[in-house]
$ cat final07.pdb   # PDB, C-alpha atoms
ATOM      1  CA  MET A 291     -42.865  69.659 156.588
ATOM      2  CA  SER A 292     -40.013  69.435 154.108
ATOM      3  CA  ASN A 293     -36.492  68.074 153.921
ATOM      4  CA  TYR A 294     -33.490  70.254 153.125
ATOM      5  CA  LEU A 295     -29.772  70.059 152.463
ATOM      6  CA  VAL A 296     -28.062  72.963 154.216
ATOM      7  CA  ALA A 297     -24.557  73.987 153.084
ATOM      8  CA  MET A 298     -22.414  76.128 155.367
ATOM      9  CA  GLU A 299     -18.918  77.471 155.299
ATOM     10  CA  ALA A 300     -16.656  77.491 158.338
ATOM     11  CA  ALA A 301     -13.461  79.442 158.949
ATOM     12  CA  TRP A 302     -10.931  77.027 160.490
ATOM     13  CA  LEU A 303      -7.632  78.293 161.932
ATOM     14  CA  VAL A 304      -4.625  75.940 161.795
ATOM     15  CA  ARG A 305      -1.331  76.873 163.486
ATOM     16  CA  ASP A 306       2.239  75.724 162.713
ATOM     17  CA  VAL A 307       1.633  74.437 159.194
ATOM     18  CA  ASP A 308       4.201  73.702 156.493
ATOM     19  CA  GLY A 309       2.001  74.208 153.447
ATOM     20  CA  ILE A 310      -1.480  74.448 151.991
ATOM     21  CA  ASP A 311      -2.016  70.688 151.709
ATOM     22  CA  ASP A 312      -0.934  70.220 155.338
ATOM     23  CA  ALA A 313      -3.313  72.968 156.503
ATOM     24  CA  ILE A 314      -6.255  71.547 154.555
ATOM     25  CA  GLY A 315      -5.637  68.026 155.841
ATOM     26  CA  VAL A 316      -5.402  69.188 159.457
ATOM     27  CA  ALA A 317      -8.534  71.374 159.190
ATOM     28  CA  VAL A 318     -10.694  68.632 157.631
ATOM     29  CA  SER A 319      -9.375  66.066 160.109
ATOM     30  CA  GLU A 320      -9.937  68.253 163.182
ATOM     31  CA  ALA A 321     -13.440  69.265 162.091
ATOM     32  CA  GLY A 322     -14.360  65.637 161.385
ATOM     33  CA  LYS A 323     -12.984  64.536 164.738
ATOM     34  CA  ARG A 324     -15.004  67.149 166.653
ATOM     35  CA  LEU A 325     -18.176  66.257 164.759
ATOM     36  CA  ASN A 326     -17.651  62.522 165.304
ATOM     37  CA  GLN A 327     -17.161  63.090 169.051
ATOM     38  CA  LYS A 328     -20.756  64.400 169.063
ATOM     39  CA  ASP A 329     -21.985  61.451 166.915
ATOM     40  CA  MET A 330     -22.527  63.757 163.937
ATOM     41  CA  ASP A 331     -20.979  61.554 161.267
ATOM     42  CA  TYR A 332     -23.875  62.533 158.973
ATOM     43  CA  VAL A 333     -22.282  65.976 158.404
ATOM     44  CA  GLU A 334     -20.148  66.074 155.245
ATOM     45  CA  VAL A 335     -16.860  67.992 155.588
ATOM     46  CA  GLU A 336     -14.624  69.098 152.730
ATOM     47  CA  VAL A 337     -12.430  72.024 151.787
ATOM     48  CA  GLY A 338     -14.340  74.965 150.377
ATOM     49  CA  GLY A 339     -13.679  76.681 147.078
ATOM     50  CA  THR A 340     -12.853  80.313 146.422
ATOM     51  CA  PRO A 341     -13.283  81.726 142.912
ATOM     52  CA  CYS A 342     -10.252  83.336 141.277
ATOM     53  CA  PRO A 343     -10.948  87.059 140.809
ATOM     54  CA  ALA A 344      -9.258  87.034 137.388
ATOM     55  CA  CYS A 345     -10.603  83.894 135.698
ATOM     56  CA  GLY A 346     -13.415  82.727 138.011
ATOM     57  CA  GLU A 347     -12.027  79.204 138.373
ATOM     58  CA  ALA A 348     -12.406  77.791 141.899
ATOM     59  CA  PHE A 349      -9.358  76.923 143.976
ATOM     60  CA  ASP A 350      -8.971  75.532 147.515
ATOM     61  CA  SER A 351     -10.056  78.060 150.109
ATOM     62  CA  ALA A 352      -6.895  78.320 152.217
ATOM     63  CA  PHE A 353      -4.442  81.094 153.028
ATOM     64  CA  ILE A 354      -1.165  80.917 154.942
ATOM     65  CA  ALA A 355       0.732  83.713 156.667
ATOM     66  CA  ALA A 356       3.353  83.332 159.422
ATOM     67  CA  ASP A 357       2.917  79.524 159.497
ATOM     68  CA  THR A 358      -0.766  79.976 160.364
ATOM     69  CA  ALA A 359      -3.539  79.023 157.939
ATOM     70  CA  LEU A 360      -7.137  80.052 157.559
ATOM     71  CA  VAL A 361      -8.986  77.229 155.801
ATOM     72  CA  GLY A 362     -12.505  77.587 154.494
ATOM     73  CA  LEU A 363     -14.453  74.380 155.029
ATOM     74  CA  LEU A 364     -17.708  73.365 153.384
ATOM     75  CA  LEU A 365     -20.119  71.563 155.721
ATOM     76  CA  GLU A 366     -23.311  69.916 154.469
ATOM     77  CA  MET A 367     -26.126  68.495 156.559
ATOM     78  CA  LYS A 368     -29.535  67.088 155.675
ATOM     79  CA  VAL A 369     -32.372  68.416 157.821
ATOM     80  CA  PHE A 370     -35.617  66.450 157.867
ATOM     81  CA  ASN A 371     -39.157  67.643 158.672
ATOM     82  CA  ALA A 372     -38.320  71.346 158.870
ATOM     83  CA  GLU A 373     -41.105  73.918 158.720
ATOM     84  CA  GLY A 374     -39.265  75.881 156.035
ATOM     85  CA  GLU A 375     -35.908  76.936 154.664
ATOM     86  CA  GLN A 376     -35.068  79.299 157.527
ATOM     87  CA  HIS A 377     -36.080  76.685 160.100
ATOM     88  CA  ALA A 378     -33.775  74.128 158.422
ATOM     89  CA  GLN A 379     -30.921  76.663 158.459
ATOM     90  CA  ARG A 380     -31.408  77.373 162.168
ATOM     91  CA  ILE A 381     -31.470  73.638 162.974
ATOM     92  CA  ALA A 382     -28.284  72.939 160.983
ATOM     93  CA  LYS A 383     -26.431  75.942 162.391
ATOM     94  CA  SER A 384     -27.433  75.010 165.939
ATOM     95  CA  GLU A 385     -26.417  71.360 165.557
ATOM     96  CA  ILE A 386     -23.093  72.007 163.844
ATOM     97  CA  GLY A 387     -22.345  75.096 165.916
ATOM     98  CA  GLY A 388     -22.794  73.057 169.088
ATOM     99  CA  ALA A 389     -20.117  70.606 167.975
ATOM    100  CA  LEU A 390     -17.749  73.193 166.493
ATOM    101  CA  ARG A 391     -17.782  75.776 169.255
ATOM    102  CA  LYS A 392     -15.966  79.054 168.562
ATOM    103  CA  VAL A 393     -15.785  78.316 164.822
ATOM    104  CA  PRO A 394     -17.431  80.978 162.631
ATOM    105  CA  LEU A 395     -20.245  79.493 160.498
ATOM    106  CA  LYS A 396     -22.259  80.980 157.673
ATOM    107  CA  VAL A 397     -25.112  79.366 155.733
ATOM    108  CA  ILE A 398     -24.293  79.681 152.045
ATOM    109  CA  GLN A 399     -27.040  77.649 150.385
ATOM    110  CA  THR A 400     -30.121  75.600 151.182
ATOM    111  CA  PHE A 401     -31.658  73.024 148.841
ATOM    112  CA  ASP A 402     -35.127  71.503 149.059
ATOM    113  CA  ILE A 403     -34.663  67.728 148.720
ATOM    114  CA  GLU A 404     -37.181  65.011 147.957
ATOM    115  CA  ASP A 405     -38.318  62.509 150.553
ATOM    116  CA  GLU A 406     -35.876  59.603 150.421
ATOM    117  CA  ASP A 407     -38.697  57.199 151.381
ATOM    118  CA  GLU A 408     -40.766  58.064 148.308
ATOM    119  CA  ASP A 409     -40.330  55.943 145.185
TER     120      ASP A 409
END

$ encode --input "final07.pdb" --output "C-alpha coordinates"
Amino acid sequence: MSNYLVAMEAAWLVRDVDGIDDAIGVAVSEAGKRLNQKDMDYVEVEVGGTPCPACGEAFDSAFIAADTALVGLLLEMKVFNAEGEQHAQRIAKSEIGGALRKVPLKVIQTFDIEDEDED
(Lines of atoms letter the chains of each structure in order from A and count residues from 1; the text may use other names and numbers.)
(Lines give C-alpha, C1' and ligand atoms only; values in the text may rest on other atoms or scores of the structure.)
Protein backbone atom coordinates (compact mmCIF):
# COMPACT_ATOMS: atom_id res chain seq x y z
CA MET A 1 0.00 0.00 0.00
CA SER A 2 1.32 3.41 -0.97
CA ASN A 3 0.46 7.06 -0.45
CA TYR A 4 -0.19 9.44 -3.33
CA LEU A 5 -0.86 13.09 -4.07
CA VAL A 6 -3.53 13.32 -6.76
CA ALA A 7 -3.87 16.58 -8.73
CA MET A 8 -7.07 17.26 -10.66
CA GLU A 9 -8.44 20.10 -12.68
CA ALA A 10 -12.05 21.24 -12.44
CA ALA A 11 -14.04 23.44 -14.81
CA TRP A 12 -15.98 25.95 -12.68
CA LEU A 13 -18.66 28.18 -14.22
CA VAL A 14 -19.23 31.61 -12.64
CA ARG A 15 -22.10 33.85 -13.81
CA ASP A 16 -22.46 37.66 -13.64
CA VAL A 17 -18.80 38.52 -13.13
CA ASP A 18 -17.10 41.88 -13.60
CA GLY A 19 -13.59 40.66 -14.35
CA ILE A 20 -11.06 37.85 -14.20
CA ASP A 21 -10.03 38.48 -10.59
CA ASP A 22 -13.69 38.50 -9.51
CA ALA A 23 -14.35 35.22 -11.35
CA ILE A 24 -11.30 33.51 -9.85
CA GLY A 25 -12.16 34.66 -6.33
CA VAL A 26 -15.76 33.46 -6.63
CA ALA A 27 -14.75 30.08 -8.12
CA VAL A 28 -12.13 29.33 -5.44
CA SER A 29 -14.48 30.49 -2.69
CA GLU A 30 -17.46 28.45 -3.92
CA ALA A 31 -15.38 25.31 -4.41
CA GLY A 32 -13.84 25.68 -0.94
CA LYS A 33 -17.25 26.22 0.61
CA ARG A 34 -18.71 23.08 -1.00
CA LEU A 35 -15.71 21.00 0.06
CA ASN A 36 -15.82 22.34 3.62
CA GLN A 37 -19.54 21.50 3.87
CA LYS A 38 -18.49 17.86 3.37
CA ASP A 39 -15.62 18.19 5.92
CA MET A 40 -13.03 17.97 3.14
CA ASP A 41 -10.77 20.79 4.27
CA TYR A 42 -7.79 18.57 3.40
CA VAL A 43 -8.35 19.25 -0.33
CA GLU A 44 -6.20 22.13 -1.62
CA VAL A 45 -7.97 24.50 -4.04
CA GLU A 46 -6.29 27.10 -6.23
CA VAL A 47 -6.64 28.58 -9.68
CA GLY A 48 -5.12 26.46 -12.41
CA GLY A 49 -2.57 27.59 -14.96
CA THR A 50 -2.82 27.54 -18.74
CA PRO A 51 0.36 27.82 -20.82
CA CYS A 52 0.55 30.64 -23.36
CA PRO A 53 0.66 29.12 -26.86
CA ALA A 54 3.22 31.71 -28.00
CA CYS A 55 5.74 31.85 -25.14
CA GLY A 56 4.77 28.91 -22.91
CA GLU A 57 4.49 31.03 -19.76
CA ALA A 58 1.59 30.01 -17.51
CA PHE A 59 -1.27 32.40 -16.82
CA ASP A 60 -4.46 32.07 -14.74
CA SER A 61 -6.86 29.60 -16.30
CA ALA A 62 -9.96 31.78 -16.70
CA PHE A 63 -12.00 33.01 -19.65
CA ILE A 64 -14.89 35.47 -19.71
CA ALA A 65 -17.58 35.91 -22.34
CA ALA A 66 -20.99 37.58 -21.87
CA ASP A 67 -20.32 38.20 -18.15
CA THR A 68 -19.89 34.46 -17.61
CA ALA A 69 -16.53 32.92 -16.71
CA LEU A 70 -15.07 29.47 -17.03
CA VAL A 71 -12.36 29.08 -14.38
CA GLY A 72 -9.97 26.17 -14.31
CA LEU A 73 -9.29 25.11 -10.73
CA LEU A 74 -6.47 22.91 -9.48
CA LEU A 75 -7.50 20.50 -6.72
CA GLU A 76 -4.97 18.42 -4.79
CA MET A 77 -5.68 15.61 -2.37
CA LYS A 78 -3.45 13.15 -0.53
CA VAL A 79 -4.64 9.55 -0.70
CA PHE A 80 -3.24 7.11 1.85
CA ASN A 81 -2.92 3.31 1.64
CA ALA A 82 -3.97 3.00 -2.00
CA GLU A 83 -3.24 -0.21 -3.90
CA GLY A 84 -1.71 1.74 -6.78
CA GLU A 85 -1.79 4.93 -8.80
CA GLN A 86 -5.10 4.19 -10.54
CA HIS A 87 -6.71 3.20 -7.24
CA ALA A 88 -5.58 6.52 -5.69
CA GLN A 89 -7.01 8.41 -8.68
CA ARG A 90 -10.37 6.65 -8.37
CA ILE A 91 -10.52 7.38 -4.62
CA ALA A 92 -9.69 11.08 -5.09
CA LYS A 93 -12.11 11.52 -7.99
CA SER A 94 -14.89 9.79 -6.05
CA GLU A 95 -14.33 11.84 -2.89
CA ILE A 96 -14.02 15.21 -4.60
CA GLY A 97 -16.67 14.42 -7.19
CA GLY A 98 -19.13 13.61 -4.41
CA ALA A 99 -18.67 17.06 -2.91
CA LEU A 100 -18.53 18.96 -6.20
CA ARG A 101 -21.47 17.39 -7.99
CA LYS A 102 -21.97 18.36 -11.64
CA VAL A 103 -18.47 19.85 -11.87
CA PRO A 104 -16.27 18.28 -14.57
CA LEU A 105 -13.09 16.77 -13.09
CA LYS A 106 -10.00 15.37 -14.75
CA VAL A 107 -6.95 13.80 -13.09
CA ILE A 108 -3.89 15.57 -14.43
CA GLN A 109 -1.07 14.13 -12.33
CA THR A 110 -0.41 11.64 -9.56
CA PHE A 111 2.69 11.65 -7.35
CA ASP A 112 3.94 8.83 -5.14
CA ILE A 113 4.67 10.39 -1.73
CA GLU A 114 6.68 9.07 1.19
CA ASP A 115 5.07 7.94 4.41
CA GLU A 116 4.78 11.00 6.64
CA ASP A 117 5.26 8.80 9.73
CA GLU A 118 8.69 7.60 8.61
CA ASP A 119 11.75 9.53 9.79

$ atom_distance --input "final07.pdb" --atom1 "CA of Glu385 (chain A)" --atom2 "CA of Glu299 (chain A)"
14.1 Å

$ residues_around --input "final07.pdb" --residues "region 320-331 of chain A" --least-positions-apart "5" --cutoff "10 Å" --atoms "all atoms listed in the file" --output "number ranges by chain"
A: 300, 302, 304, 314-315, 336, 363, 365, 367, 385-391, 393

$ atom_distance --input "final07.pdb" --atom1 "CA of Arg380 (chain A)" --atom2 "CA of Leu364 (chain A)"
16.8 Å

$ atom_distance --input "final07.pdb" --atom1 "CA of Ala359 (chain A)" --atom2 "CA of Tyr332 (chain A)"
26.2 Å

$ closest_residue --input "final07.pdb" --among "A:Ile354, A:Glu334, A:Ser292, A:Leu360" --to "Ala317 (chain A)" --atoms "all atoms listed in the file"
A:Leu360

$ closest_residue --input "final07.pdb" --among "A:Val397, A:Ala301, A:Cys342, A:Val318" --to "Gly362 (chain A)" --atoms "all atoms listed in the file"
A:Ala301

$ closest_residue --input "final07.pdb" --among "A:Thr358, A:Asn293, A:Ser319, A:Asn371" --to "Thr400 (chain A)" --atoms "only C-alpha atoms"
A:Asn293

$ resolve_selection --input "final07.pdb" --expression "the PyMOL selection byres ((chain A and resi 307) around 10)" --output "ChimeraX atom specification"
/A:304-306,308-314,316,354-359

$ closest_residue --input "final07.pdb" --among "A:Glu366, A:Leu303, A:Asp350, A:Val296" --to "Val335 (chain A)" --atoms "only C-alpha atoms"
A:Glu366

$ residues_around --input "final07.pdb" --residues "Ala348 (chain A)" --least-positions-apart "4" --cutoff "12 Å" --atoms "only C-alpha atoms" --output "ChimeraX atom specification"
/A:337-344,352

$ closest_residue --input "final07.pdb" --among "A:Leu395, A:Gln376, A:Val361, A:Phe370" --to "Met291 (chain A)" --atoms "all atoms listed in the file"
A:Phe370

$ residues_around --input "final07.pdb" --residues "Tyr294 (chain A)" --least-positions-apart "2" --cutoff "6 Å" --atoms "all atoms listed in the file" --output "JSON, numbers by chain"
{"A": [368, 369, 401, 402, 403]}

$ closest_residue --input "final07.pdb" --among "A:Glu404, A:Lys383, A:Ala372, A:Lys392" --to "Met298 (chain A)" --atoms "only C-alpha atoms"
A:Lys383

$ axis_aligned_box --input "final07.pdb" --around "region 373-376 of chain A" --padding-each-side "4 Å" --output "AutoDock Vina command-line options"
--center_x -38.1 --center_y 76.6 --center_z 156.7 --size_x 14.0 --size_y 13.4 --size_z 12.1

$ build_atoms --input "final07.pdb" --residues "region 306-326 of chain A" --atoms "N, CA, C and O atoms" --output "short mmCIF file (atom, residue, chain, number, x, y, z; two decimals), in the coordinates of the input"
data_model
loop_
_atom_site.label_atom_id
_atom_site.label_comp_id
_atom_site.auth_asym_id
_atom_site.auth_seq_id
_atom_site.Cartn_x
_atom_site.Cartn_y
_atom_site.Cartn_z
N ASP A 306 1.00 76.48 162.96
CA ASP A 306 2.24 75.72 162.71
C ASP A 306 2.11 74.75 161.55
O ASP A 306 2.33 73.55 161.70
N VAL A 307 1.77 75.28 160.38
CA VAL A 307 1.63 74.44 159.19
C VAL A 307 2.81 74.66 158.25
O VAL A 307 3.43 75.71 158.24
N ASP A 308 3.10 73.63 157.45
CA ASP A 308 4.20 73.70 156.49
C ASP A 308 3.75 74.13 155.10
O ASP A 308 4.53 74.66 154.33
N GLY A 309 2.49 73.87 154.78
CA GLY A 309 2.00 74.21 153.45
C GLY A 309 0.49 74.11 153.37
O GLY A 309 -0.18 73.72 154.33
N ILE A 310 -0.03 74.45 152.21
CA ILE A 310 -1.48 74.45 151.99
C ILE A 310 -2.08 73.06 152.19
O ILE A 310 -3.09 72.91 152.87
N ASP A 311 -1.47 72.05 151.59
CA ASP A 311 -2.02 70.69 151.71
C ASP A 311 -2.04 70.22 153.16
O ASP A 311 -3.00 69.57 153.60
N ASP A 312 -1.00 70.55 153.91
CA ASP A 312 -0.93 70.22 155.34
C ASP A 312 -2.07 70.91 156.09
O ASP A 312 -2.78 70.30 156.89
N ALA A 313 -2.27 72.19 155.83
CA ALA A 313 -3.31 72.97 156.50
C ALA A 313 -4.70 72.41 156.20
O ALA A 313 -5.53 72.26 157.11
N ILE A 314 -4.95 72.09 154.94
CA ILE A 314 -6.26 71.55 154.56
C ILE A 314 -6.50 70.20 155.23
O ILE A 314 -7.57 69.95 155.77
N GLY A 315 -5.50 69.34 155.21
CA GLY A 315 -5.64 68.03 155.84
C GLY A 315 -5.92 68.13 157.33
O GLY A 315 -6.80 67.43 157.85
N VAL A 316 -5.20 69.01 158.01
CA VAL A 316 -5.40 69.19 159.46
C VAL A 316 -6.79 69.75 159.74
O VAL A 316 -7.50 69.28 160.63
N ALA A 317 -7.22 70.75 158.97
CA ALA A 317 -8.53 71.37 159.19
C ALA A 317 -9.67 70.38 159.00
O ALA A 317 -10.57 70.28 159.84
N VAL A 318 -9.64 69.62 157.90
CA VAL A 318 -10.69 68.63 157.63
C VAL A 318 -10.69 67.55 158.71
O VAL A 318 -11.74 67.15 159.22
N SER A 319 -9.50 67.11 159.09
CA SER A 319 -9.38 66.07 160.11
C SER A 319 -9.89 66.53 161.47
O SER A 319 -10.64 65.82 162.14
N GLU A 320 -9.50 67.73 161.88
CA GLU A 320 -9.94 68.25 163.18
C GLU A 320 -11.45 68.48 163.21
O GLU A 320 -12.11 68.17 164.21
N ALA A 321 -12.00 69.03 162.14
CA ALA A 321 -13.44 69.26 162.09
C ALA A 321 -14.19 67.93 162.14
O ALA A 321 -15.17 67.79 162.89
N GLY A 322 -13.73 66.95 161.37
CA GLY A 322 -14.36 65.64 161.38
C GLY A 322 -14.29 64.98 162.74
O GLY A 322 -15.26 64.37 163.21
N LYS A 323 -13.15 65.12 163.40
CA LYS A 323 -12.98 64.54 164.74
C LYS A 323 -13.96 65.15 165.74
O LYS A 323 -14.62 64.44 166.50
N ARG A 324 -14.09 66.49 165.71
CA ARG A 324 -15.00 67.15 166.65
C ARG A 324 -16.46 66.80 166.37
O ARG A 324 -17.26 66.63 167.29
N LEU A 325 -16.81 66.65 165.10
CA LEU A 325 -18.18 66.26 164.76
C LEU A 325 -18.44 64.81 165.17
O LEU A 325 -19.51 64.50 165.70
N ASN A 326 -17.48 63.93 164.93
CA ASN A 326 -17.65 62.52 165.30
C ASN A 326 -17.74 62.33 166.81
O ASN A 326 -18.42 61.42 167.28
#
